[in-house]
Amino acid sequence: MVADLFRTKHLEDGTKITVREKTREDLDASMEFYASMPEQERELMRIDVADRSVVESRLQELEKDNFFRLVAEVDGKFIGEAILEDLRYGWMKKTGEIRILILPAYRETDLARILSRELFLVAARRGLNNLIARILDGETWMYDTLRNLHFKHEATQKRHAVDLNDNQHDVHLMTFSLTRMWQDIENAIAESIASPREY
């Protein structure tokens, strides 16, 4: 884990939020957060977030150093969550998988950008080069959000997943190159230094 991640930030509309690491003590807040998500979206989640014992077991994974979760809060209530799983082994040892969940009321803000930026920094500290995301065909908001964050749609696996009601879904594989992002930043800085503005 990244030690003591706790930041106070402001959304574009001035709303004050806290971004911090999720802990095992966040079970009640997590249950309230998931219950506030649209029902049709909960049915597409990887686990049954209405089952308290299942959510609690997922929180136990925070003890493993290849899982990282952060949350965004307003007045002590979760409004967003971001997850990074360091795949770490074999061919995928430089790749992490992410998911971002945000309450509908905050989806038109810059919260997704704030959460993704924090995950990018965590991924960089872990030495990851690439990120992937797997999105079901019904997760339209999440797909659009990742496209806005410059994730690239690589492939679609037809009827490759089932939701909590055993309905089949296509899975969209999306990727993001952290290596390319850092290189673009370095190039922009180098260009700025080489061509200083005149005032």
# chains A, B, ... in the order shown; residues from 1 in each chain; ligands from 1
>>> residues_around(residues="region 153-163 of chain A", least_positions_apart="5", cutoff="9 Å", atoms="only C-alpha atoms", output="list in words")
Glu43, Leu44, Met45, Arg46, Leu136, Arg147, Gln168, His169, Asp170, Val171, His172, Leu173, Met174 and Thr175 of chain A
>>> write_last_selection(atoms="N, CA and C atoms", output="PDB file, in the first residue's frame")
ATOM      1  N   GLU A  43     -26.017  -4.869 -10.544  1.00  0.00           N
ATOM      2  CA  GLU A  43     -26.154  -6.210 -11.105  1.00  0.00           C
ATOM      3  C   GLU A  43     -24.994  -6.571 -12.029  1.00  0.00           C
ATOM      4  N   LEU A  44     -24.281  -5.563 -12.516  1.00  0.00           N
ATOM      5  CA  LEU A  44     -23.156  -5.804 -13.420  1.00  0.00           C
ATOM      6  C   LEU A  44     -21.818  -5.864 -12.702  1.00  0.00           C
ATOM      7  N   MET A  45     -21.804  -5.618 -11.401  1.00  0.00           N
ATOM      8  CA  MET A  45     -20.541  -5.630 -10.667  1.00  0.00           C
ATOM      9  C   MET A  45     -20.023  -7.050 -10.512  1.00  0.00           C
ATOM     10  N   ARG A  46     -18.737  -7.159 -10.286  1.00  0.00           N
ATOM     11  CA  ARG A  46     -18.087  -8.473 -10.248  1.00  0.00           C
ATOM     12  C   ARG A  46     -18.514  -9.305  -9.052  1.00  0.00           C
ATOM     13  N   LEU A 136     -18.110  -4.409 -18.859  1.00  0.00           N
ATOM     14  CA  LEU A 136     -19.225  -5.126 -19.476  1.00  0.00           C
ATOM     15  C   LEU A 136     -19.994  -4.192 -20.398  1.00  0.00           C
ATOM     16  N   ARG A 147     -12.760   6.248 -21.754  1.00  0.00           N
ATOM     17  CA  ARG A 147     -12.408   6.845 -23.049  1.00  0.00           C
ATOM     18  C   ARG A 147     -11.991   8.303 -22.867  1.00  0.00           C
ATOM     19  N   GLN A 168     -25.787 -13.082 -20.052  1.00  0.00           N
ATOM     20  CA  GLN A 168     -24.491 -12.999 -20.716  1.00  0.00           C
ATOM     21  C   GLN A 168     -24.214 -11.573 -21.202  1.00  0.00           C
ATOM     22  N   HIS A 169     -22.929 -11.204 -21.178  1.00  0.00           N
ATOM     23  CA  HIS A 169     -22.515  -9.870 -21.619  1.00  0.00           C
ATOM     24  C   HIS A 169     -21.196  -9.946 -22.378  1.00  0.00           C
ATOM     25  N   ASP A 170     -21.030  -9.014 -23.326  1.00  0.00           N
ATOM     26  CA  ASP A 170     -19.730  -8.819 -23.954  1.00  0.00           C
ATOM     27  C   ASP A 170     -18.818  -8.105 -22.957  1.00  0.00           C
ATOM     28  N   VAL A 171     -17.520  -8.368 -23.064  1.00  0.00           N
ATOM     29  CA  VAL A 171     -16.523  -7.710 -22.222  1.00  0.00           C
ATOM     30  C   VAL A 171     -15.608  -6.882 -23.119  1.00  0.00           C
ATOM     31  N   HIS A 172     -15.507  -5.591 -22.834  1.00  0.00           N
ATOM     32  CA  HIS A 172     -14.634  -4.702 -23.593  1.00  0.00           C
ATOM     33  C   HIS A 172     -13.310  -4.547 -22.852  1.00  0.00           C
ATOM     34  N   LEU A 173     -12.222  -4.817 -23.546  1.00  0.00           N
ATOM     35  CA  LEU A 173     -10.884  -4.659 -22.974  1.00  0.00           C
ATOM     36  C   LEU A 173     -10.345  -3.298 -23.378  1.00  0.00           C
ATOM     37  N   MET A 174      -9.950  -2.487 -22.376  1.00  0.00           N
ATOM     38  CA  MET A 174      -9.406  -1.163 -22.618  1.00  0.00           C
ATOM     39  C   MET A 174      -8.017  -1.065 -21.994  1.00  0.00           C
ATOM     40  N   THR A 175      -7.148  -0.287 -22.613  1.00  0.00           N
ATOM     41  CA  THR A 175      -5.771  -0.188 -22.128  1.00  0.00           C
ATOM     42  C   THR A 175      -5.315   1.264 -22.069  1.00  0.00           C
TER      43      THR A 175
END
>>> residues_around(residues="Ser53 (chain A)", least_positions_apart="6", cutoff="12 Å", atoms="only C-alpha atoms", output="mmCIF file with C-alpha atoms, in the first residue's frame")
data_model
loop_
_atom_site.group_PDB
_atom_site.id
_atom_site.type_symbol
_atom_site.label_atom_id
_atom_site.label_comp_id
_atom_site.auth_asym_id
_atom_site.auth_seq_id
_atom_site.Cartn_x
_atom_site.Cartn_y
_atom_site.Cartn_z
ATOM 1 C CA LEU A 27 -17.468 -1.778 5.694
ATOM 2 C CA ASP A 28 -20.549 0.238 6.731
ATOM 3 C CA SER A 30 -18.987 0.766 1.612
ATOM 4 C CA MET A 31 -22.398 -0.877 2.010
ATOM 5 C CA ILE A 47 -19.349 -9.363 -6.790
ATOM 6 C CA LEU A 59 -11.964 -5.684 2.264
ATOM 7 C CA GLN A 60 -9.733 -8.443 3.633
#
>>> residues_around(residues="Thr109 (chain A)", least_positions_apart="2", cutoff="12 Å", atoms="only C-alpha atoms", output="list in words")
His10, Leu11, Glu12, Asp13, Gly14, Thr15, Ile17, Ile79, Gly80, Ile102, Leu103, Pro104, Ala105, Tyr106, Arg107, Leu111, Ala112, Arg113, Ile114, Leu115 and Thr145 of chain A
>>> write_last_selection(atoms="N, CA and C atoms", output="compact mmCIF listing (two decimals), in the first residue's frame")
# COMPACT_ATOMS: atom_id res chain seq x y z
N HIS A 10 -10.68 19.82 -4.12
CA HIS A 10 -11.93 20.50 -4.45
C HIS A 10 -12.33 20.14 -5.87
N LEU A 11 -13.61 19.82 -6.05
CA LEU A 11 -14.13 19.60 -7.38
C LEU A 11 -14.26 20.95 -8.09
N GLU A 12 -14.53 20.90 -9.36
CA GLU A 12 -14.61 22.14 -10.15
C GLU A 12 -15.67 23.10 -9.62
N ASP A 13 -16.74 22.55 -9.02
CA ASP A 13 -17.80 23.42 -8.50
C ASP A 13 -17.51 23.91 -7.09
N GLY A 14 -16.31 23.59 -6.56
CA GLY A 14 -15.92 24.04 -5.22
C GLY A 14 -16.19 23.06 -4.11
N THR A 15 -16.87 21.95 -4.40
CA THR A 15 -17.15 20.95 -3.37
C THR A 15 -15.86 20.39 -2.80
N ILE A 17 -13.68 17.65 -1.05
CA ILE A 17 -13.70 16.20 -0.90
C ILE A 17 -12.41 15.74 -0.24
N ILE A 79 -18.44 8.94 -2.15
CA ILE A 79 -19.06 9.34 -3.41
C ILE A 79 -18.35 8.69 -4.60
N GLY A 80 -17.20 8.09 -4.34
CA GLY A 80 -16.45 7.43 -5.40
C GLY A 80 -15.43 6.46 -4.84
N ILE A 102 -18.38 5.75 -9.36
CA ILE A 102 -18.75 7.09 -8.89
C ILE A 102 -20.27 7.18 -8.84
N LEU A 103 -20.80 7.79 -7.80
CA LEU A 103 -22.24 7.98 -7.70
C LEU A 103 -22.73 8.88 -8.85
N PRO A 104 -23.92 8.60 -9.36
CA PRO A 104 -24.44 9.38 -10.49
C PRO A 104 -24.40 10.89 -10.29
N ALA A 105 -24.65 11.36 -9.07
CA ALA A 105 -24.69 12.80 -8.82
C ALA A 105 -23.35 13.48 -9.03
N TYR A 106 -22.26 12.71 -9.08
CA TYR A 106 -20.92 13.30 -9.21
C TYR A 106 -20.24 12.92 -10.53
N ARG A 107 -20.97 12.35 -11.45
CA ARG A 107 -20.36 11.88 -12.69
C ARG A 107 -20.08 13.00 -13.69
N LEU A 111 -14.34 14.35 -10.76
CA LEU A 111 -13.95 13.35 -9.77
C LEU A 111 -13.22 12.18 -10.41
N ALA A 112 -13.69 11.71 -11.57
CA ALA A 112 -13.02 10.58 -12.23
C ALA A 112 -11.57 10.92 -12.55
N ARG A 113 -11.34 12.15 -12.99
CA ARG A 113 -9.97 12.57 -13.31
C ARG A 113 -9.10 12.59 -12.05
N ILE A 114 -9.66 13.08 -10.94
CA ILE A 114 -8.91 13.13 -9.68
C ILE A 114 -8.54 11.73 -9.21
N LEU A 115 -9.51 10.82 -9.23
CA LEU A 115 -9.25 9.46 -8.77
C LEU A 115 -8.26 8.74 -9.68
N THR A 145 -16.27 7.08 -19.45
CA THR A 145 -15.32 7.74 -18.56
C THR A 145 -13.89 7.37 -18.90
>>> residues_around(residues="Ser57 (chain A)", least_positions_apart="5", cutoff="10 Å", atoms="only C-alpha atoms", output="list in words")
Arg24, Leu27, Arg52 and Leu62 of chain A
>>> atom_distance(atom1="CA of Thr179 (chain A)", atom2="CA of Met142 (chain A)")
22.9 Å
>>> select_by_dssp(residues="chain A", states="alpha helix (DSSP H)", output="number ranges by chain")
A: 27-36, 39-42, 52-60, 111-125, 140-148, 178-194
>>> residues_around(residues="Glu85 (chain A)", least_positions_apart="4", cutoff="8 Å", atoms="only C-alpha atoms", output="VMD selection string")
chain A and resid 66 to 68 96 to 98
>>> select_by_dssp(residues="region 50-102 of chain A", states="strand (DSSP E or B)", output="ChimeraX atom specification")
/A:67-74,77-86,95-102
>>> write_last_selection(atoms="C-alpha atoms", output="PDB file, in the first residue's frame")
ATOM      1  CA  PHE A  67      -4.515  -4.576  -4.074  1.00  0.00           C
ATOM      2  CA  PHE A  68      -5.012  -0.855  -3.631  1.00  0.00           C
ATOM      3  CA  ARG A  69      -8.321   0.942  -3.141  1.00  0.00           C
ATOM      4  CA  LEU A  70      -9.011   4.583  -2.537  1.00  0.00           C
ATOM      5  CA  VAL A  71     -12.228   6.411  -1.812  1.00  0.00           C
ATOM      6  CA  ALA A  72     -13.502   9.944  -2.210  1.00  0.00           C
ATOM      7  CA  GLU A  73     -15.689  11.319   0.589  1.00  0.00           C
ATOM      8  CA  VAL A  74     -17.957  14.290   1.138  1.00  0.00           C
ATOM      9  CA  LYS A  77     -19.931   9.632   2.914  1.00  0.00           C
ATOM     10  CA  PHE A  78     -18.358   7.816  -0.018  1.00  0.00           C
ATOM     11  CA  ILE A  79     -19.058   9.344  -3.414  1.00  0.00           C
ATOM     12  CA  GLY A  80     -16.454   7.426  -5.403  1.00  0.00           C
ATOM     13  CA  GLU A  81     -14.078   4.503  -5.288  1.00  0.00           C
ATOM     14  CA  ALA A  82     -11.073   3.529  -7.405  1.00  0.00           C
ATOM     15  CA  ILE A  83      -9.368   0.164  -7.456  1.00  0.00           C
ATOM     16  CA  LEU A  84      -5.934  -0.912  -8.676  1.00  0.00           C
ATOM     17  CA  GLU A  85      -4.911  -4.558  -8.780  1.00  0.00           C
ATOM     18  CA  ASP A  86      -1.247  -5.157  -9.511  1.00  0.00           C
ATOM     19  CA  THR A  95       0.405  -4.305 -15.739  1.00  0.00           C
ATOM     20  CA  GLY A  96      -2.333  -3.241 -13.353  1.00  0.00           C
ATOM     21  CA  GLU A  97      -6.106  -3.520 -13.677  1.00  0.00           C
ATOM     22  CA  ILE A  98      -8.332  -0.638 -12.585  1.00  0.00           C
ATOM     23  CA  ARG A  99     -11.997   0.088 -11.941  1.00  0.00           C
ATOM     24  CA  ILE A 100     -13.622   3.398 -11.033  1.00  0.00           C
ATOM     25  CA  LEU A 101     -17.052   3.724  -9.396  1.00  0.00           C
ATOM     26  CA  ILE A 102     -18.753   7.087  -8.895  1.00  0.00           C
TER      27      ILE A 102
END
>>> closest_residue(among="A:Glu41, A:Tyr143, A:Val54, A:Glu63", to="Thr23 (chain A)", atoms="only C-alpha atoms")
A:Glu63
>>> closest_residue(among="A:Asn167, A:Ile189, A:Leu128, A:Asp51", to="Tyr89 (chain A)", atoms="only C-alpha atoms")
A:Leu128
>>> residues_around(residues="Ser177 (chain A)", least_positions_apart="6", cutoff="8 Å", atoms="only C-alpha atoms", output="PyMOL selection string")
chain A and resi 129-131
>>> atom_distance(atom1="CA of Glu25 (chain A)", atom2="CA of Leu164 (chain A)")
26.1 Å
>>> atom_distance(atom1="CA of Ala124 (chain A)", atom2="CA of Ala194 (chain A)")
26.5 Å
>>> closest_residue(among="A:Ile185, A:Ala190, A:Leu178, A:Leu149", to="Lys94 (chain A)", atoms="only C-alpha atoms")
A:Leu178
